[in-house]
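K.L.:
Questions regarding the structure given below will be posed in turn.
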Amino acid sequence: MIIFYIVLIFLLTIVFKRFYPSNKELLRKIIHIGIAPLIPFAKYLDVNQVSAQYFAAFVSLLILANYIYQLFPIIEDIDRKSFGTFFYCISLFILITIFWEKDPLSLIVGYFIMAFGDGLAGLIGKNLKSKQWIIFNQKKSLLGTITMLGTSLAVISLLGFISNYNFSVYYIYIAFQATLLEQISPIGIDNLTVPVISSLMFNVLITNA
């Protein structure tokens, strides 16, 4: 079922590439956002931690091979040097190792912040004009940054509500730090720092408070 879902995401990307061949960022973000629901899906299917780790490690190696041999050029077909997809997979492996059994909510919060927050920020920032600035040779925008902050807060609040946690000022704090980390993104490093640090903070400030 998980493999079928991944294949479905790639097929969707191929369809979008046919209709929007010049929007490379859109194609990449479909994968970026679409893979995130695999985490709660795998937990629902009761996939054990070791199997999840093997899966994340295998995908990480596959992505690394793709950088070298361009097996699936659609994944990295963008106009800048980035290892973001590799960091995306490595962060998943790290979070599975730390939280899969003891605190899956923190894992999902951190990963969803990256997938939906960073994903939507990239799409909106690229496609809608607003004030822009450069940090470490990476272009950022006002609308993209606002999207990252708002989506991060929405993710934390919704998942917290579903898990019967009362709204906390720490939600805003975690969303704000995730937005700051997203600003520092040379070679796509925010795909590692945003989910890992957000998950750790949610675990310390919310689930173990």
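Going by the structure tokens order, chains are called A, B, ..., each with residues numbered from 1, while ligands are numbered from 1 in the order shown.
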I need the residues of range 24-188 of chain A that end up classed as strand (DSSP E) by DSSP on the backbone, written out as an mmCIF file with N, CA and C atoms, in the first residue's frame.
P.N.:
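This went into out33.cif:
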```
data_model
loop_
_atom_site.group_PDB
_atom_site.id
_atom_site.type_symbol
_atom_site.label_atom_id
_atom_site.label_comp_id
_atom_site.auth_asym_id
_atom_site.auth_seq_id
_atom_site.Cartn_x
_atom_site.Cartn_y
_atom_site.Cartn_z
ATOM 1 N N GLN A 132 11.365 40.776 -1.436
ATOM 2 C CA GLN A 132 12.321 39.677 -1.383
ATOM 3 C C GLN A 132 13.638 40.106 -0.759
ATOM 4 N N TRP A 133 14.386 39.119 -0.255
ATOM 5 C CA TRP A 133 15.715 39.373 0.283
ATOM 6 C C TRP A 133 16.570 38.124 0.087
ATOM 7 N N ILE A 134 17.878 38.270 0.257
ATOM 8 C CA ILE A 134 18.823 37.173 0.046
ATOM 9 C C ILE A 134 19.511 36.833 1.358
ATOM 10 N N ILE A 135 19.500 35.540 1.720
ATOM 11 C CA ILE A 135 20.228 35.045 2.892
ATOM 12 C C ILE A 135 21.058 33.846 2.448
ATOM 13 N N GLN A 138 20.400 32.529 -0.939
ATOM 14 C CA GLN A 138 19.085 31.945 -1.153
ATOM 15 C C GLN A 138 18.036 33.054 -1.116
ATOM 16 N N LYS A 139 17.195 33.107 -2.143
ATOM 17 C CA LYS A 139 16.176 34.146 -2.223
ATOM 18 C C LYS A 139 14.968 33.782 -1.368
ATOM 19 N N LYS A 140 14.544 34.699 -0.512
ATOM 20 C CA LYS A 140 13.363 34.521 0.324
ATOM 21 C C LYS A 140 12.373 35.651 0.045
ATOM 22 N N SER A 141 11.111 35.407 0.366
ATOM 23 C CA SER A 141 10.100 36.421 0.091
ATOM 24 C C SER A 141 9.195 36.618 1.299
#
```
K.L.:
Given only C-alpha atoms, how would the per-residue table for range 113-186 of chain A near range 26-31 of chain A read, listing every residue at most 9 Å away with its closest atom pair and distance in Å to one decimal, sorted by chain and number, as JSON lines?
P.N.:
```
{"residue": "A:Ala115", "atom": "CA", "partner": "A:Lys29", "partner_atom": "CA", "distance": 8.6}
{"residue": "A:Gly119", "atom": "CA", "partner": "A:Lys29", "partner_atom": "CA", "distance": 5.7}
{"residue": "A:Leu120", "atom": "CA", "partner": "A:Lys29", "partner_atom": "CA", "distance": 7.8}
{"residue": "A:Gly122", "atom": "CA", "partner": "A:Lys29", "partner_atom": "CA", "distance": 7.8}
{"residue": "A:Leu123", "atom": "CA", "partner": "A:Leu26", "partner_atom": "CA", "distance": 6.4}
```
K.L.:
Of the candidates A:Val7, A:Ile184, A:Ile35, A:Ile94, which one gets nearest to Leu107 in chain A if we count only C-alpha atoms?
P.N.:
A:Ile94
K.L.:
Rank A:Asn164, A:Thr179, A:Thr97, A:Asn191 by their smallest atom-to-atom distance to Gly150 in chain A, using only C-alpha atoms, and report the top residue only.
P.N.:
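For Gly150 in chain A, the nearest of the candidates is A:Thr179.
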K.L.:
Using only C-alpha atoms, determine which residues lie at most 10 Å from range 110-113 of chain A, disregarding the query and same-chain residues fewer than 3 positions distant; provide the list as a count of residues only.
P.N.:
42
